[in-house]
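Visitor: Data file my_file.cif (mmCIF, C-alpha atoms) is appended below.
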data_run
loop_
_atom_site.label_atom_id
_atom_site.label_comp_id
_atom_site.auth_asym_id
_atom_site.auth_seq_id
_atom_site.Cartn_x
_atom_site.Cartn_y
_atom_site.Cartn_z
CA MET A 453 -59.31 116.07 84.83
CA SER A 454 -59.28 119.81 85.42
CA TRP A 455 -61.26 122.05 83.06
CA LEU A 456 -58.30 124.48 83.29
CA PRO A 457 -55.09 122.49 83.54
CA THR A 458 -52.90 125.38 82.35
CA LEU A 459 -52.94 128.90 80.88
CA ILE A 460 -49.98 128.09 78.65
CA THR A 461 -50.65 127.46 74.97
CA ASP A 462 -48.52 127.03 71.86
CA THR A 463 -50.13 129.81 69.83
CA PRO A 464 -52.12 133.05 70.27
CA GLU A 465 -55.14 131.42 68.64
CA GLU A 466 -55.13 128.61 71.21
CA GLY A 467 -54.76 131.23 73.93
CA TYR A 468 -57.81 133.02 72.62
CA ALA A 469 -59.77 129.76 72.92
CA VAL A 470 -58.74 129.56 76.58
CA ALA A 471 -59.99 133.14 77.06
CA ILE A 472 -63.36 132.13 75.59
CA LYS A 473 -63.50 129.13 77.92
CA LEU A 474 -62.69 131.29 80.97
CA SER A 475 -65.45 133.72 79.97
CA ARG A 476 -68.08 130.98 79.63
CA MET A 477 -67.12 129.15 82.80
CA ALA A 478 -68.02 132.13 85.01
CA VAL A 479 -71.49 132.20 83.48
CA LYS A 480 -71.83 128.47 84.04
CA MET A 481 -70.75 128.74 87.67
CA THR A 482 -73.19 131.59 88.30
CA GLN A 483 -76.04 129.79 86.52
CA PRO A 484 -75.32 126.03 86.65
CA ASP A 485 -78.71 125.04 85.20
CA ASP A 486 -78.08 123.97 81.59
CA ALA A 487 -81.70 124.50 80.56
CA ILE A 488 -81.76 128.13 81.72
CA ARG A 489 -78.46 128.91 79.99
CA ALA A 490 -79.77 127.31 76.78
CA LYS A 491 -82.85 129.50 76.99
CA LEU A 492 -80.73 132.65 77.37
CA ARG A 493 -78.38 131.88 74.47
CA PRO A 494 -80.65 133.09 71.63
CA ILE A 495 -81.42 136.23 73.68
CA TYR A 496 -77.87 137.51 74.13
CA GLY A 497 -76.84 136.08 70.74
CA GLU A 498 -79.15 138.52 68.99
CA ASP A 499 -78.60 141.47 71.30
CA ALA A 500 -75.90 143.91 70.16
CA THR A 501 -75.19 145.18 73.68
CA ASN A 502 -74.81 141.65 75.09
CA LEU A 503 -72.49 140.64 72.25
CA ILE A 504 -70.24 143.64 72.82
CA GLN A 505 -70.22 142.99 76.59
CA SER A 506 -69.27 139.37 75.91
CA SER A 507 -66.38 140.57 73.76
CA GLN A 508 -65.27 142.77 76.67
CA VAL A 509 -65.09 139.75 78.98
CA VAL A 510 -63.06 137.81 76.41
CA ALA A 511 -60.71 140.79 76.01
CA THR A 512 -60.06 140.89 79.75
CA ASN A 513 -59.42 137.16 79.92
CA PHE A 514 -57.25 137.24 76.79
CA ASN A 515 -55.09 139.89 78.46
CA THR A 516 -54.46 137.42 81.31
CA VAL A 517 -53.73 134.49 78.99
CA ALA A 518 -51.46 136.58 76.76
CA MET A 519 -49.44 137.76 79.77
CA ALA A 520 -49.20 134.17 81.00
CA ASN A 521 -47.67 133.19 77.67
CA ASN A 522 -45.33 136.17 77.58
CA PHE A 523 -47.36 137.22 74.55
CA TRP A 524 -46.00 134.25 72.56
CA ARG A 525 -42.96 136.41 71.83
CA ASP A 526 -40.43 133.61 72.07
CA MET B 1187 -53.76 129.51 58.32
CA SER B 1188 -54.45 130.95 61.75
CA TRP B 1189 -56.62 134.06 62.04
CA LEU B 1190 -54.19 135.19 64.78
CA PRO B 1191 -50.69 134.04 63.88
CA THR B 1192 -49.00 136.60 66.14
CA LEU B 1193 -49.58 139.66 68.32
CA ILE B 1194 -46.36 141.25 67.12
CA THR B 1195 -46.61 144.07 64.58
CA ASP B 1196 -44.21 146.57 63.07
CA THR B 1197 -46.14 149.70 64.04
CA PRO B 1198 -48.72 150.93 66.58
CA GLU B 1199 -51.24 151.40 63.78
CA GLU B 1200 -50.93 147.76 62.75
CA GLY B 1201 -51.26 146.78 66.40
CA TYR B 1202 -54.48 148.74 66.61
CA ALA B 1203 -55.80 146.76 63.65
CA VAL B 1204 -55.04 143.53 65.54
CA ALA B 1205 -56.98 144.93 68.54
CA ILE B 1206 -59.98 145.57 66.28
CA LYS B 1207 -59.74 142.03 64.91
CA LEU B 1208 -59.59 140.54 68.43
CA SER B 1209 -62.66 142.56 69.41
CA ARG B 1210 -64.71 141.39 66.43
CA MET B 1211 -63.67 137.74 66.68
CA ALA B 1212 -65.27 137.35 70.13
CA VAL B 1213 -68.57 138.61 68.73
CA LYS B 1214 -68.25 136.20 65.80
CA MET B 1215 -67.53 133.26 68.09
CA THR B 1216 -70.50 134.11 70.31
CA GLN B 1217 -72.81 134.64 67.33
CA PRO B 1218 -71.42 132.61 64.39
CA ASP B 1219 -74.45 133.27 62.15
CA ASP B 1220 -73.36 135.83 59.53
CA ALA B 1221 -76.93 136.87 58.76
CA ILE B 1222 -77.73 137.73 62.37
CA ARG B 1223 -74.52 139.73 62.80
CA ALA B 1224 -75.25 141.60 59.57
CA LYS B 1225 -78.70 142.47 60.90
CA LEU B 1226 -77.24 143.80 64.16
CA ARG B 1227 -74.56 145.97 62.51
CA PRO B 1228 -76.79 148.97 61.63
CA ILE B 1229 -78.28 148.80 65.13
CA TYR B 1230 -75.06 149.17 67.13
CA GLY B 1231 -73.52 151.36 64.44
CA GLU B 1232 -76.12 154.06 65.13
CA ASP B 1233 -76.29 153.61 68.89
CA ALA B 1234 -74.02 155.91 70.89
CA THR B 1235 -73.84 153.57 73.87
CA ASN B 1236 -72.92 150.56 71.72
CA LEU B 1237 -70.24 152.53 69.88
CA ILE B 1238 -68.63 153.65 73.14
CA GLN B 1239 -68.80 150.09 74.51
CA SER B 1240 -67.13 148.84 71.32
CA SER B 1241 -64.37 151.39 71.81
CA GLN B 1242 -63.91 150.04 75.35
CA VAL B 1243 -63.35 146.53 74.03
CA VAL B 1244 -60.80 147.79 71.51
CA ALA B 1245 -59.02 149.74 74.27
CA THR B 1246 -58.70 146.59 76.39
CA ASN B 1247 -57.39 144.56 73.48
CA PHE B 1248 -55.02 147.35 72.39
CA ASN B 1249 -53.54 147.32 75.88
CA THR B 1250 -52.69 143.64 75.39
CA VAL B 1251 -51.25 144.14 71.90
CA ALA B 1252 -49.24 147.18 72.97
CA MET B 1253 -47.71 145.28 75.90
CA ALA B 1254 -46.91 142.38 73.55
CA ASN B 1255 -44.97 144.79 71.35
CA ASN B 1256 -43.22 146.46 74.26
CA PHE B 1257 -45.16 149.55 73.19
CA TRP B 1258 -43.13 149.77 69.97
CA ARG B 1259 -40.49 151.58 72.01
CA ASP B 1260 -37.51 150.02 70.31
CA MET C 625 -48.72 159.32 57.22
CA SER C 626 -49.95 157.09 60.02
CA TRP C 627 -52.68 158.38 62.34
CA LEU C 628 -50.73 156.68 65.16
CA PRO C 629 -47.01 156.95 64.46
CA THR C 630 -45.99 156.39 68.09
CA LEU C 631 -47.33 156.07 71.65
CA ILE C 632 -44.36 158.00 73.02
CA THR C 633 -44.92 161.62 74.03
CA ASP C 634 -42.93 164.27 75.84
CA THR C 635 -45.47 164.99 78.56
CA PRO C 636 -48.44 163.37 80.38
CA GLU C 637 -50.77 165.93 78.85
CA GLU C 638 -49.70 164.98 75.33
CA GLY C 639 -50.12 161.33 76.29
CA TYR C 640 -53.66 162.05 77.40
CA ALA C 641 -54.36 163.54 73.97
CA VAL C 642 -53.17 160.28 72.38
CA ALA C 643 -55.55 158.37 74.69
CA ILE C 644 -58.42 160.56 73.48
CA LYS C 645 -57.43 159.91 69.87
CA LEU C 646 -57.28 156.14 70.43
CA SER C 647 -60.75 156.25 72.01
CA ARG C 648 -62.29 158.14 69.11
CA MET C 649 -60.63 156.09 66.39
CA ALA C 650 -62.39 152.88 67.49
CA VAL C 651 -65.74 154.64 67.18
CA LYS C 652 -64.76 155.91 63.73
CA MET C 653 -63.69 152.45 62.57
CA THR C 654 -66.93 150.90 63.83
CA GLN C 655 -69.05 153.67 62.30
CA PRO C 656 -67.08 155.19 59.39
CA ASP C 657 -69.99 157.36 58.19
CA ASP C 658 -69.19 160.94 59.23
CA ALA C 659 -72.83 162.06 58.99
CA ILE C 660 -74.05 159.37 61.39
CA ARG C 661 -71.31 160.11 63.92
CA ALA C 662 -72.12 163.83 63.70
CA LYS C 663 -75.77 163.02 64.43
CA LEU C 664 -74.84 160.96 67.49
CA ARG C 665 -72.50 163.55 69.00
CA PRO C 666 -75.17 165.80 70.62
CA ILE C 667 -76.87 162.65 71.97
CA TYR C 668 -73.95 161.22 73.93
CA GLY C 669 -72.64 164.70 74.71
CA GLU C 670 -75.74 165.41 76.79
CA ASP C 671 -76.12 161.95 78.29
CA ALA C 672 -74.48 161.49 81.69
CA THR C 673 -74.08 157.73 81.27
CA ASN C 674 -72.46 158.05 77.85
CA LEU C 675 -70.07 160.73 79.10
CA ILE C 676 -68.97 158.55 82.01
CA GLN C 677 -68.55 155.55 79.70
CA SER C 678 -66.44 157.70 77.36
CA SER C 679 -64.25 158.67 80.29
CA GLN C 680 -63.84 154.94 81.05
CA VAL C 681 -62.52 154.29 77.55
CA VAL C 682 -60.07 157.17 77.83
CA ALA C 683 -58.90 155.86 81.22
CA THR C 684 -58.16 152.44 79.72
CA ASN C 685 -56.27 153.94 76.80
CA PHE C 686 -54.41 156.36 79.05
CA ASN C 687 -53.21 153.40 81.10
CA THR C 688 -51.65 151.96 77.94
CA VAL C 689 -50.07 155.24 76.88
CA ALA C 690 -48.75 155.95 80.37
CA MET C 691 -47.13 152.50 80.56
CA ALA C 692 -45.62 153.05 77.12
CA ASN C 693 -43.98 156.23 78.40
CA ASN C 694 -42.81 154.65 81.62
CA PHE C 695 -45.22 157.09 83.28
CA TRP C 696 -43.01 160.02 82.24
CA ARG C 697 -40.93 159.27 85.32
CA ASP C 698 -37.59 160.02 83.76
CA MET D 1191 -59.85 132.43 110.27
CA SER D 1192 -59.59 134.82 107.34
CA TRP D 1193 -61.93 134.35 104.37
CA LEU D 1194 -58.93 135.25 102.20
CA PRO D 1195 -55.77 133.85 103.77
CA THR D 1196 -53.79 133.93 100.52
CA LEU D 1197 -54.03 134.51 96.76
CA ILE D 1198 -51.58 131.69 96.08
CA THR D 1199 -53.00 128.40 94.82
CA ASP D 1200 -51.56 125.18 93.43
CA THR D 1201 -53.47 125.21 90.15
CA PRO D 1202 -55.23 127.61 87.74
CA GLU D 1203 -58.55 125.96 88.56
CA GLU D 1204 -58.12 126.66 92.26
CA GLY D 1205 -57.12 130.22 91.36
CA TYR D 1206 -60.33 130.61 89.41
CA ALA D 1207 -62.28 129.54 92.50
CA VAL D 1208 -60.54 132.33 94.46
CA ALA D 1209 -61.58 134.80 91.73
CA ILE D 1210 -65.19 133.68 92.11
CA LYS D 1211 -64.94 134.11 95.88
CA LEU D 1212 -63.48 137.62 95.52
CA SER D 1213 -66.33 138.55 93.14
CA ARG D 1214 -69.04 137.35 95.52
CA MET D 1215 -67.52 138.88 98.62
CA ALA D 1216 -67.87 142.43 97.26
CA VAL D 1217 -71.58 141.84 96.69
CA LYS D 1218 -71.90 140.45 100.21
CA MET D 1219 -70.11 143.43 101.73
CA THR D 1220 -72.29 145.88 99.79
CA GLN D 1221 -75.50 143.98 100.65
CA PRO D 1222 -74.88 142.03 103.89
CA ASP D 1223 -78.51 140.93 104.26
CA ASP D 1224 -78.65 137.24 103.30
CA ALA D 1225 -82.37 137.33 102.60
CA ILE D 1226 -82.11 140.16 100.10
CA ARG D 1227 -79.19 138.51 98.28
CA ALA D 1228 -81.16 135.23 98.14
CA LYS D 1229 -84.08 137.10 96.59
CA LEU D 1230 -81.84 138.66 93.93
CA ARG D 1231 -80.14 135.39 92.93
CA PRO D 1232 -82.88 134.06 90.63
CA ILE D 1233 -83.16 137.51 89.04
CA TYR D 1234 -79.54 137.88 87.89
CA GLY D 1235 -79.25 134.14 87.31
CA GLU D 1236 -81.80 134.35 84.53
CA ASP D 1237 -80.71 137.69 83.11
CA ALA D 1238 -78.23 137.49 80.23
CA THR D 1239 -76.79 140.95 80.88
CA ASN D 1240 -76.23 140.26 84.58
CA LEU D 1241 -74.57 136.93 83.84
CA ILE D 1242 -72.16 138.53 81.37
CA GLN D 1243 -71.41 141.34 83.84
CA SER D 1244 -70.72 138.74 86.53
CA SER D 1245 -68.29 137.02 84.18
CA GLN D 1246 -66.55 140.39 83.69
CA VAL D 1247 -65.99 140.74 87.43
CA VAL D 1248 -64.58 137.23 87.64
CA ALA D 1249 -62.27 137.98 84.68
CA THR D 1250 -60.88 141.04 86.46
CA ASN D 1251 -60.33 139.15 89.69
CA PHE D 1252 -58.83 136.17 87.86
CA ASN D 1253 -56.31 138.52 86.27
CA THR D 1254 -55.19 139.53 89.77
CA VAL D 1255 -55.02 135.96 91.06
CA ALA D 1256 -53.18 134.74 87.96
CA MET D 1257 -50.58 137.49 88.31
CA ALA D 1258 -50.19 136.62 91.99
CA ASN D 1259 -49.38 133.05 91.03
CA ASN D 1260 -47.02 134.05 88.24
CA PHE D 1261 -49.60 132.42 85.95
CA TRP D 1262 -48.75 128.99 87.39
CA ARG D 1263 -45.86 128.92 84.92
CA ASP D 1264 -43.41 127.21 87.22
CA MET E 249 -49.25 175.69 82.65
CA SER E 250 -50.25 172.11 81.96
CA TRP E 251 -53.37 170.69 83.68
CA LEU E 252 -51.36 167.47 84.07
CA PRO E 253 -47.71 168.32 84.70
CA THR E 254 -46.89 164.94 86.26
CA LEU E 255 -48.40 161.68 87.53
CA ILE E 256 -45.96 161.59 90.43
CA THR E 257 -47.27 162.55 93.85
CA ASP E 258 -45.96 162.41 97.41
CA THR E 259 -48.79 160.38 98.88
CA PRO E 260 -51.55 157.90 97.85
CA GLU E 261 -54.18 160.46 98.76
CA GLU E 262 -52.68 163.03 96.38
CA GLY E 263 -52.50 160.30 93.73
CA TYR E 264 -56.18 159.63 94.20
CA ALA E 265 -56.87 163.32 93.56
CA VAL E 266 -54.98 163.04 90.27
CA ALA E 267 -57.14 160.02 89.35
CA ILE E 268 -60.26 162.09 90.00
CA LYS E 269 -58.88 164.89 87.83
CA LEU E 270 -58.07 162.48 84.98
CA SER E 271 -61.63 161.08 85.18
CA ARG E 272 -63.26 164.50 84.99
CA MET E 273 -61.04 165.82 82.22
CA ALA E 274 -62.26 163.19 79.74
CA VAL E 275 -65.84 164.26 80.38
CA LYS E 276 -64.84 167.89 79.90
CA MET E 277 -63.06 167.15 76.63
CA THR E 278 -66.04 165.18 75.32
CA GLN E 279 -68.52 167.85 76.44
CA PRO E 280 -66.66 171.19 76.63
CA ASP E 281 -69.81 173.23 77.24
CA ASP E 282 -69.77 174.20 80.95
CA ALA E 283 -73.51 174.87 81.04
CA ILE E 284 -74.42 171.42 79.75
CA ARG E 285 -72.06 169.69 82.20
CA ALA E 286 -73.53 171.76 85.05
CA LYS E 287 -77.00 170.63 84.02
CA LEU E 288 -75.96 166.97 84.04
CA ARG E 289 -74.25 167.06 87.44
CA PRO E 290 -77.41 166.75 89.60
CA ILE E 291 -78.61 163.94 87.31
CA TYR E 292 -75.64 161.59 87.69
CA GLY E 293 -75.06 162.75 91.26
CA GLU E 294 -78.38 161.25 92.30
CA ASP E 295 -78.24 158.18 90.09
CA ALA E 296 -76.82 155.07 91.76
CA THR E 297 -75.69 153.50 88.47
CA ASN E 298 -73.90 156.66 87.33
CA LEU E 299 -72.15 157.03 90.69
CA ILE E 300 -70.88 153.44 90.56
CA GLN E 301 -69.74 153.90 86.95
CA SER E 302 -67.89 157.07 87.98
CA SER E 303 -66.16 155.12 90.71
CA GLN E 304 -65.12 152.56 88.07
CA VAL E 305 -63.44 155.27 86.01
CA VAL E 306 -61.59 156.58 89.05
CA ALA E 307 -60.47 153.03 89.90
CA THR E 308 -58.99 152.59 86.42
CA ASN E 309 -57.18 155.92 86.57
CA PHE E 310 -55.98 155.29 90.12
CA ASN E 311 -54.43 152.03 88.91
CA THR E 312 -52.38 154.05 86.42
CA VAL E 313 -51.36 156.70 88.94
CA ALA E 314 -50.48 154.10 91.57
CA MET E 315 -48.26 152.22 89.11
CA ALA E 316 -46.61 155.49 88.12
CA ASN E 317 -45.70 156.07 91.75
CA ASN E 318 -44.51 152.52 92.29
CA PHE E 319 -47.45 152.29 94.71
CA TRP E 320 -45.75 154.74 97.08
CA ARG E 321 -43.81 151.77 98.41
CA ASP E 322 -40.55 153.60 98.88
CA MET F 235 -54.83 162.22 109.21
CA SER F 236 -55.10 160.97 105.65
CA TRP F 237 -58.00 158.69 104.69
CA LEU F 238 -55.47 156.76 102.59
CA PRO F 239 -52.10 156.77 104.35
CA THR F 240 -50.79 153.72 102.46
CA LEU F 241 -51.78 150.90 100.08
CA ILE F 242 -49.58 148.45 101.96
CA THR F 243 -51.31 145.95 104.25
CA ASP F 244 -50.26 142.88 106.20
CA THR F 245 -52.79 140.49 104.67
CA PRO F 246 -54.94 140.01 101.52
CA GLU F 247 -58.07 140.48 103.61
CA GLU F 248 -56.89 143.87 104.85
CA GLY F 249 -55.99 144.76 101.26
CA TYR F 250 -59.52 143.90 100.20
CA ALA F 251 -60.83 146.32 102.82
CA VAL F 252 -58.67 149.06 101.30
CA ALA F 253 -60.15 148.24 97.87
CA ILE F 254 -63.65 148.66 99.32
CA LYS F 255 -62.64 151.99 100.84
CA LEU F 256 -61.19 153.22 97.52
CA SER F 257 -64.42 152.23 95.75
CA ARG F 258 -66.64 154.10 98.20
CA MET F 259 -64.49 157.22 98.33
CA ALA F 260 -65.00 157.96 94.63
CA VAL F 261 -68.75 157.86 95.13
CA LYS F 262 -68.41 160.16 98.13
CA MET F 263 -66.27 162.64 96.20
CA THR F 264 -68.73 162.67 93.29
CA GLN F 265 -71.74 163.01 95.61
CA PRO F 266 -70.55 164.62 98.87
CA ASP F 267 -74.07 165.04 100.28
CA ASP F 268 -74.50 162.37 102.98
CA ALA F 269 -78.29 162.52 102.84
CA ILE F 270 -78.44 161.82 99.12
CA ARG F 271 -76.01 158.91 99.37
CA ALA F 272 -78.05 157.48 102.26
CA LYS F 273 -81.16 157.68 100.11
CA LEU F 274 -79.45 155.82 97.26
CA ARG F 275 -78.07 152.99 99.40
CA PRO F 276 -81.26 150.88 99.61
CA ILE F 277 -81.75 151.36 95.85
CA TYR F 278 -78.43 149.94 94.67
CA GLY F 279 -78.35 147.48 97.57
CA GLU F 280 -81.41 145.71 96.18
CA ASP F 281 -80.54 146.05 92.50
CA ALA F 282 -78.68 143.06 91.03
CA THR F 283 -77.04 145.12 88.28
CA ASN F 284 -75.78 147.76 90.70
CA LEU F 285 -74.39 145.13 93.06
CA ILE F 286 -72.47 143.44 90.24
CA GLN F 287 -71.17 146.81 89.03
CA SER F 288 -70.02 147.60 92.57
CA SER F 289 -68.17 144.31 92.67
CA GLN F 290 -66.47 145.29 89.39
CA VAL F 291 -65.16 148.51 90.94
CA VAL F 292 -63.84 146.61 93.95
CA ALA F 293 -62.15 144.09 91.62
CA THR F 294 -60.34 146.89 89.79
CA ASN F 295 -59.21 148.52 93.01
CA PHE F 296 -58.20 145.19 94.52
CA ASN F 297 -55.97 144.60 91.50
CA THR F 298 -54.15 147.84 92.33
CA VAL F 299 -53.84 147.06 96.04
CA ALA F 300 -52.69 143.48 95.36
CA MET F 301 -49.98 144.71 92.98
CA ALA F 302 -48.90 147.28 95.55
CA ASN F 303 -48.39 144.49 98.07
CA ASN F 304 -46.61 142.23 95.60
CA PHE F 305 -49.63 139.95 96.05
CA TRP F 306 -48.62 139.23 99.65
CA ARG F 307 -46.29 136.59 98.23
CA ASP F 308 -43.48 137.20 100.67
#
Show me, as structure tokens, the structure contained in the file I just sent.
Guide:
Amino acid sequence: MSWLPTLITDTPEEGYAVAIKLSRMAVKMTQPDDAIRAKLRPIYGEDATNLIQSSQVVATNFNTVAMANNFWRD
Amino acid sequence: MSWLPTLITDTPEEGYAVAIKLSRMAVKMTQPDDAIRAKLRPIYGEDATNLIQSSQVVATNFNTVAMANNFWRD
Amino acid sequence: MSWLPTLITDTPEEGYAVAIKLSRMAVKMTQPDDAIRAKLRPIYGEDATNLIQSSQVVATNFNTVAMANNFWRD
Amino acid sequence: MSWLPTLITDTPEEGYAVAIKLSRMAVKMTQPDDAIRAKLRPIYGEDATNLIQSSQVVATNFNTVAMANNFWRD
Amino acid sequence: MSWLPTLITDTPEEGYAVAIKLSRMAVKMTQPDDAIRAKLRPIYGEDATNLIQSSQVVATNFNTVAMANNFWRD
Amino acid sequence: MSWLPTLITDTPEEGYAVAIKLSRMAVKMTQPDDAIRAKLRPIYGEDATNLIQSSQVVATNFNTVAMANNFWRD
């Protein structure tokens, strides 16, 4: 099964979860080694700059997902 | 109840508040430990670069919320 | 009265002023202490990187405001 | 044959792969020397900041590809 | 006379010039002191990171100007 | 002749080349001295962070060019 079957969700909150998944998948594809990513997690998780940059990635992806869902207006 | 029931707001100012909430939620989901986030707050709050980067995240999210609300034109 | 009653302006120049206001408000909401922000101002005001990053935030917000105003085409 | 014959894909997952390809191609065009890029790979692959920045590039390109495909709504 | 009477231009090249102007104006409004900006110019002008970041700001503003002009398609 | 006569291209690959050109031109306009830019090239060409940032600029410009061409859908 695809890790990304669709961008369409029922609610904004579910769409936000898709944005988080999109953000993490790019990291995983750039660094496929689970052990290295696990080692980095506590580093960026306690670094203010890294946390803000992560939020920026999510914001960009959420823009895409929100547009896909016509902003859940209907 | 959902933390993000809708992107639709009555006014631009309320939409800006949603953009702030979206920006903070990504940080919270990346670093769920309240104690660590509390420790980081005074660091980025007194760092010019971090404050500007935070404003960038809010700007990206506000773009999404403003589009969702058809820019509160009507 | 709201600090952001509308995104609609008569001219591009006025729209740019709204973009500046949006950019500063996120900093203010992240660091509400006036004294700390005043202390940071000379730092980022003389730092080339910070000035360019500030311009990036304004550019993102101006995109939103310009779309809201249908680019002042009419 | 072109390295980028089309932005149109059948699925979101395939679209994401195009976004990854777009992100890498710019690096390749800026630094065409394979040996230098190979030397840099372990550096950014173990650097939290670089990995997050890479994810930001993919997010921007995925936005383009998703729009091109009308978000795979149909 | 306004420094930004319109976003509409006859050609893409003129639109790019408007994007450059928009990018510089935010720096000027954040640091209005001409002497300080003059002092910073040789710094960011010889710094690879600052030059790339400047290009990012122009890209964001050019997106806005290009949309305003319907991409000079007509 | 203009360095940017049009954003319209026949193929996505040609559009990507325009995005590269747009990205480089902003650097050239900020630092017009050919000798200084030549000196910087090997620096950012071997710096992982600078290469990723360059790819971000191209991604933003490619978004503009792709929209201009209606994503080469037709």
Visitor: Per residue of chain A within 9 Å of chain B, record the nearest atom pair and its distance in Å to one decimal, counting all atoms listed in the file, with rows in chain order and ascending residue number, as CSV.
Guide:
residue,atom,partner,partner_atom,distance
A:Thr463,CA,B:Pro1191,CA,7.3
A:Pro464,CA,B:Leu1190,CA,6.2
A:Glu465,CA,B:Leu1190,CA,5.5
A:Tyr468,CA,B:Leu1208,CA,8.8
A:Ile472,CA,B:Ala1212,CA,7.8
A:Tyr496,CA,B:Gln1217,CA,8.9
A:Gly497,CA,B:Gln1217,CA,5.5
A:Glu498,CA,B:Ile1222,CA,6.8
A:Asp499,CA,B:Leu1226,CA,7.6
A:Ala500,CA,B:Tyr1230,CA,6.1
A:Thr501,CA,B:Asn1236,CA,6.2
A:Leu503,CA,B:Val1213,CA,5.6
A:Ile504,CA,B:Ser1240,CA,6.2
A:Gln505,CA,B:Gln1239,CA,7.5
A:Ser506,CA,B:Val1213,CA,7.3
A:Ser507,CA,B:Ala1212,CA,5.0
A:Gln508,CA,B:Val1243,CA,5.0
A:Val509,CA,B:Val1243,CA,8.6
A:Val510,CA,B:Ala1212,CA,6.7
A:Ala511,CA,B:Asn1247,CA,5.6
A:Thr512,CA,B:Thr1246,CA,6.8
A:Phe514,CA,B:Thr1250,CA,8.0
A:Asn515,CA,B:Thr1250,CA,5.4
A:Thr516,CA,B:Thr1250,CA,8.8
A:Ala518,CA,B:Thr1250,CA,7.3
A:Met519,CA,B:Thr1250,CA,8.0
A:Asn522,CA,B:Ala1254,CA,7.6
A:Phe523,CA,B:Ala1254,CA,5.3
A:Trp524,CA,B:Thr1192,CA,7.5
A:Arg525,CA,B:Ala1254,CA,7.4
Visitor: What does the structure give for the distance between CA of Ala662 (chain C) and CA of Lys1207 (chain B), in Å to one decimal?
Guide: 25.1 Å
Visitor: Using CA of Thr243 (chain F) and CA of Asp308 (chain F) as the two end points, give the distance in Å to one decimal.
Guide: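 These atoms are spaced 12.3 Å apart.
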Visitor: Rebuild region 670-680 of chain C to N, CA, C and O atoms - output it as a PDB file, keeping the file's coordinate frame, please.
Guide:
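The resulting file, out_7.pdb, is reproduced below:
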ATOM      1  N   GLU C 670     -74.809 164.910  75.762  1.00  0.00           N
ATOM      2  CA  GLU C 670     -75.740 165.410  76.790  1.00  0.00           C
ATOM      3  C   GLU C 670     -76.290 164.273  77.635  1.00  0.00           C
ATOM      4  O   GLU C 670     -77.277 164.449  78.366  1.00  0.00           O
ATOM      5  N   ASP C 671     -75.669 163.117  77.530  1.00  0.00           N
ATOM      6  CA  ASP C 671     -76.120 161.950  78.290  1.00  0.00           C
ATOM      7  C   ASP C 671     -75.072 161.594  79.340  1.00  0.00           C
ATOM      8  O   ASP C 671     -73.935 161.253  78.989  1.00  0.00           O
ATOM      9  N   ALA C 672     -75.446 161.692  80.605  1.00  0.00           N
ATOM     10  CA  ALA C 672     -74.480 161.490  81.690  1.00  0.00           C
ATOM     11  C   ALA C 672     -73.833 160.103  81.603  1.00  0.00           C
ATOM     12  O   ALA C 672     -72.611 159.965  81.730  1.00  0.00           O
ATOM     13  N   THR C 673     -74.624 159.093  81.349  1.00  0.00           N
ATOM     14  CA  THR C 673     -74.080 157.730  81.270  1.00  0.00           C
ATOM     15  C   THR C 673     -73.055 157.611  80.148  1.00  0.00           C
ATOM     16  O   THR C 673     -71.959 157.066  80.343  1.00  0.00           O
ATOM     17  N   ASN C 674     -73.385 158.113  78.985  1.00  0.00           N
ATOM     18  CA  ASN C 674     -72.460 158.050  77.850  1.00  0.00           C
ATOM     19  C   ASN C 674     -71.164 158.813  78.133  1.00  0.00           C
ATOM     20  O   ASN C 674     -70.082 158.369  77.742  1.00  0.00           O
ATOM     21  N   LEU C 675     -71.275 159.950  78.795  1.00  0.00           N
ATOM     22  CA  LEU C 675     -70.070 160.730  79.100  1.00  0.00           C
ATOM     23  C   LEU C 675     -69.163 159.967  80.069  1.00  0.00           C
ATOM     24  O   LEU C 675     -67.939 159.953  79.911  1.00  0.00           O
ATOM     25  N   ILE C 676     -69.764 159.319  81.054  1.00  0.00           N
ATOM     26  CA  ILE C 676     -68.970 158.550  82.010  1.00  0.00           C
ATOM     27  C   ILE C 676     -68.334 157.335  81.309  1.00  0.00           C
ATOM     28  O   ILE C 676     -67.161 157.027  81.519  1.00  0.00           O
ATOM     29  N   GLN C 677     -69.095 156.689  80.443  1.00  0.00           N
ATOM     30  CA  GLN C 677     -68.550 155.550  79.700  1.00  0.00           C
ATOM     31  C   GLN C 677     -67.393 155.996  78.790  1.00  0.00           C
ATOM     32  O   GLN C 677     -66.404 155.276  78.642  1.00  0.00           O
ATOM     33  N   SER C 678     -67.530 157.168  78.187  1.00  0.00           N
ATOM     34  CA  SER C 678     -66.440 157.700  77.360  1.00  0.00           C
ATOM     35  C   SER C 678     -65.185 157.923  78.196  1.00  0.00           C
ATOM     36  O   SER C 678     -64.063 157.644  77.752  1.00  0.00           O
ATOM     37  N   SER C 679     -65.386 158.429  79.395  1.00  0.00           N
ATOM     38  CA  SER C 679     -64.250 158.670  80.290  1.00  0.00           C
ATOM     39  C   SER C 679     -63.580 157.338  80.662  1.00  0.00           C
ATOM     40  O   SER C 679     -62.357 157.270  80.848  1.00  0.00           O
ATOM     41  N   GLN C 680     -64.384 156.274  80.760  1.00  0.00           N
ATOM     42  CA  GLN C 680     -63.840 154.940  81.050  1.00  0.00           C
ATOM     43  C   GLN C 680     -62.930 154.465  79.919  1.00  0.00           C
ATOM     44  O   GLN C 680     -61.854 153.898  80.156  1.00  0.00           O
TER      45      GLN C 680
END
